[in-house]
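Take a look at the structure set out below.
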Amino acid sequence: MPNINILPKHIAELIAAGEVVERPSSIVKEIMENAIDAGADKITLEIKRGGITYIRITDNGCGIDRDNIRKAFISHATSKISTADDLNAICTLGFRGEALASIAAVSRVEVMTRGEGEEVGTRYCIEGGEETLLDDAGCPKGTTLIVRDLFYNTPARMKFLKKDVSEGNAVAAVVDRIALSHPEVSIRFIRDSKDVLFTSGDGKLENAIYKTLGKDFSSTLIPCDYELEGVRVSGFISKPFNARPNRMMQYFFLNDRFIKTRTGMVALEEAYKNSIMVGKFPACVLNIHIAPGAVDVNVHPSKTEVRFANEKLIFNAVYYCAKSALQQGDTRVQANFKQKIGRQFMPKPNEGRQIKIYEQQLEQVKKESLPKEDFWGKTTSEEFVKLSEPKKTEKITFNDSSEISLKKDEEPDLIPVFKPVEEAKPPVIETVEEAVSEAKAEQPASEVEEVKPEPEPYRVIGEAFKTYILVEQGKKLLIIDKHAAHERMLFEKLRANNGEIETQMLLAPVTVTLSKEEYSAVLDNLELLDKAGYRVEDFGGGMVIVSECPTAVADADLAEVVMELAGYLVNNRRELIPEKLDWIYHSTACRAAIKAGDKTSEYELEKFVEKLLNDPDIRYCPHGRPVLIEMSKYEIEKNFGRV
């Protein structure tokens, strides 16, 4: 039987640290929450290289006495609770007493702090869980904590960290949540020597939303405040018309603590039922206030998962809060006919590349103000054959009986080389089989393989419900779903032209506000999006700017398209690049395809059916639904009792 060993202190601390410190954002969350628990109303955060090499957090809270500074870095040492009963009424953000010990176990930590009644501050340094310095320091009341070289002593953990940009965006997401949950605290965030966020700390949630999530998002919100049986829900929800393609902008807080709650999400979406489009989701910033004893926050080390004593009560409170706010605050959608000038969407004037793009786009629009072609393309098969044929040549005869051949609209060289022209004699072909063999022999092998049989003669009858095309073909009736078929056509075209997507530069580049998770996912996949035809660039502050898009979606709501793509990239980080690219092509094709209910002319129906029936490989849409259904004449007559 193997011996049971008591692990040394430093090994036990490294194991415990793995539960609390996953990445730099974990450290930022724990320390900023400690600062708020200490009564701070001003917090400054500075990070470098995404927080991997440097994190500094300064607050004006109560500070730590010199007598307690060593205790603060001992595992399970805390000032928040003292008895088992205190776990049933936790009113602070932190309470476990694991954060500082776990952080110090995997990094180099320096603390400068001064308590309320102390004249001289304290400087304390600890590396890998071992104390290196305790001395006097001149510092203001409060605490400054500096964390350097995260995971310097655990290289196995270091290699699992992501790029600096991704880690920095994860930190920014944590800062946003804390700023939203505590609008009474002024927060300043410095990232690689640049100020990226500064909230006033005036206690107004709407101002905190404006600063963290941007003007576009904050302008779409409705205030709400409701109380039911001791549960109060307050904050803001989005108008139904401004719903988003995913749930990334749903922020729920419980007693000023960010949480993930399935109950809250379902209740919110149920309140929007019949007011919002299918597949769209409302956004919100909601704070749920409940008695501390009615919820258990000691479920997970991250403290984002909680258990309610009465889930139904929480559901009802969120539901009626949102429902009443929609009834009182939702207004009719206002039409806006003002033309948006490109300059107002452009980045700062010193960013010359975007200005150059704008000028090129403007010049292009002036030169090519032509009406758009319809979605099928109006080139007939006969016209296409003529365009595909080589240009006719004209013979010029000189007095020396020599000739040269010129393409139409082409001028002869100044010094032509004259060669006698011998008329090519066509081969003698006696049978049709010989003609086919001769044609195949002249074609490359790849072209021979692509020869497809001509479709059986057909007749387009018309369209049912502006959705299904009816076609008579031989002894069959074909019912074609025009959206599904067109979507598959576009999908195959995009996939076949991999890397050579037809794109259109935008006259007015579009700015898109994203959650920090979406923002990070988009920046990590800029090359992938560019390959799919979307030119997306970082605009800073959780926003990206789109200056080019596939021609197929040029008329779509590009902000919504990018939000949908961002949501997919967040939820499918581990997918292979080809799978991601296929999904983007699928999304683009779905948006560009003609929709059920759209009016289609007879000419367009004819050309569409011709294209579809000439490609027997198109059987299913990218979702897997059939593009057409066949009904035999026999089956129809059988149902009418004719046979």
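Residues in the structure tokens are numbered from 1 in each chain, the chains being A, B, ... in the order shown, and ligands are numbered from 1 in the order shown.
The protein and nucleic acid residues lying at most 7 Å from A:His486 are Lys482, Leu490, Ala593 and Ile594 of chain A, with only C-alpha atoms considered and sequence neighbours fewer than 4 positions away removed.
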Find the residues around A:His623 up to 12 Å (only C-alpha atoms counted), leave out those fewer than 6 positions away in its own chain, and share them as an MDAnalysis selection string.
-> chainID A and resid 483:485 487:488 491 582:583 586:587 589:590
For those residues, write N, CA and C atoms to a file as a PDB file, in the first residue's frame.
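After the write, selection-v5.pdb holds the following:
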ATOM      1  N   HIS A 483     -35.897  30.080 -51.598  1.00  0.00           N
ATOM      2  CA  HIS A 483     -34.876  30.562 -50.652  1.00  0.00           C
ATOM      3  C   HIS A 483     -33.820  29.495 -50.414  1.00  0.00           C
ATOM      4  N   ALA A 484     -34.268  28.265 -50.156  1.00  0.00           N
ATOM      5  CA  ALA A 484     -33.314  27.184 -49.878  1.00  0.00           C
ATOM      6  C   ALA A 484     -32.405  26.935 -51.077  1.00  0.00           C
ATOM      7  N   ALA A 485     -32.990  26.929 -52.282  1.00  0.00           N
ATOM      8  CA  ALA A 485     -32.192  26.673 -53.479  1.00  0.00           C
ATOM      9  C   ALA A 485     -31.199  27.802 -53.745  1.00  0.00           C
ATOM     10  N   GLU A 487     -30.004  29.894 -51.585  1.00  0.00           N
ATOM     11  CA  GLU A 487     -28.997  29.883 -50.521  1.00  0.00           C
ATOM     12  C   GLU A 487     -27.899  28.872 -50.835  1.00  0.00           C
ATOM     13  N   ARG A 488     -28.292  27.690 -51.323  1.00  0.00           N
ATOM     14  CA  ARG A 488     -27.295  26.671 -51.659  1.00  0.00           C
ATOM     15  C   ARG A 488     -26.427  27.114 -52.828  1.00  0.00           C
ATOM     16  N   PHE A 491     -23.959  29.616 -51.520  1.00  0.00           N
ATOM     17  CA  PHE A 491     -22.994  28.941 -50.647  1.00  0.00           C
ATOM     18  C   PHE A 491     -21.928  28.227 -51.476  1.00  0.00           C
ATOM     19  N   ASP A 582     -16.604  27.754 -43.525  1.00  0.00           N
ATOM     20  CA  ASP A 582     -17.859  27.244 -44.085  1.00  0.00           C
ATOM     21  C   ASP A 582     -19.060  27.877 -43.405  1.00  0.00           C
ATOM     22  N   TRP A 583     -18.985  28.044 -42.091  1.00  0.00           N
ATOM     23  CA  TRP A 583     -20.102  28.659 -41.365  1.00  0.00           C
ATOM     24  C   TRP A 583     -20.298  30.109 -41.805  1.00  0.00           C
ATOM     25  N   HIS A 586     -21.888  30.129 -45.105  1.00  0.00           N
ATOM     26  CA  HIS A 586     -23.296  29.758 -44.935  1.00  0.00           C
ATOM     27  C   HIS A 586     -24.108  30.954 -44.441  1.00  0.00           C
ATOM     28  N   SER A 587     -23.580  31.665 -43.450  1.00  0.00           N
ATOM     29  CA  SER A 587     -24.285  32.829 -42.913  1.00  0.00           C
ATOM     30  C   SER A 587     -24.446  33.904 -43.985  1.00  0.00           C
ATOM     31  N   ALA A 589     -24.479  33.458 -47.288  1.00  0.00           N
ATOM     32  CA  ALA A 589     -25.428  32.984 -48.297  1.00  0.00           C
ATOM     33  C   ALA A 589     -26.863  33.097 -47.801  1.00  0.00           C
ATOM     34  N   CYS A 590     -27.089  32.774 -46.532  1.00  0.00           N
ATOM     35  CA  CYS A 590     -28.442  32.828 -45.972  1.00  0.00           C
ATOM     36  C   CYS A 590     -28.978  34.254 -45.994  1.00  0.00           C
TER      37      CYS A 590
END
Within 10 Å of A:Phe160, counting only C-alpha atoms, which residues qualify if same-chain residues fewer than 4 places away don't, as a ChimeraX atom specification?
-> /A:22-23,155-156
Take atom CA of A:Arg307 and atom CA of A:Ile259 and report the distance between them in Å, one decimal.
->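 The value is 10.5 Å.
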Write out as a list in words each polymer residue whose atoms come within 8 Å of A:Leu565, counting only C-alpha atoms; drop sequence neighbours fewer than 4 positions from it.
-> Val561, Leu569 and Ile584 of chain A
Could you write out the selected residues, including all heavy atoms, as a tab-separated table (two decimals), in the first residue's frame?
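Listed below is the output, selection-v7.tsv:
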chain	number	residue	atom	x	y	z
A	561	VAL	N	-24.76	41.59	-38.97
A	561	VAL	CA	-23.98	40.49	-39.55
A	561	VAL	C	-22.71	40.25	-38.73
A	561	VAL	O	-22.37	39.12	-38.37
A	561	VAL	CB	-23.61	40.79	-41.02
A	561	VAL	CG1	-22.64	39.74	-41.55
A	561	VAL	CG2	-24.87	40.82	-41.88
A	569	LEU	N	-17.95	33.05	-33.34
A	569	LEU	CA	-16.52	32.88	-33.06
A	569	LEU	C	-16.25	32.71	-31.57
A	569	LEU	O	-15.32	32.00	-31.18
A	569	LEU	CB	-15.74	34.08	-33.61
A	569	LEU	CG	-15.73	34.22	-35.14
A	569	LEU	CD1	-15.09	35.53	-35.55
A	569	LEU	CD2	-15.01	33.04	-35.79
A	584	ILE	N	-19.20	30.83	-41.99
A	584	ILE	CA	-19.30	32.23	-42.42
A	584	ILE	C	-19.91	32.30	-43.83
A	584	ILE	O	-20.76	33.14	-44.11
A	584	ILE	CB	-17.92	32.92	-42.39
A	584	ILE	CG1	-17.41	32.99	-40.94
A	584	ILE	CG2	-18.00	34.31	-42.98
A	584	ILE	CD1	-16.00	33.53	-40.81
Could you work out how far atom CA of A:Lys516 lies from atom CA of A:Ala283, giving the answer in Å with one decimal?
->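 Interatomic distance here is 14.5 Å.
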From the list A:Thr78, A:Asn255, A:Asn497, A:Thr44, which residue is nearest A:Val231 when using only C-alpha atoms?
->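 The shortest atom-to-atom distance to A:Val231 comes from A:Asn255.
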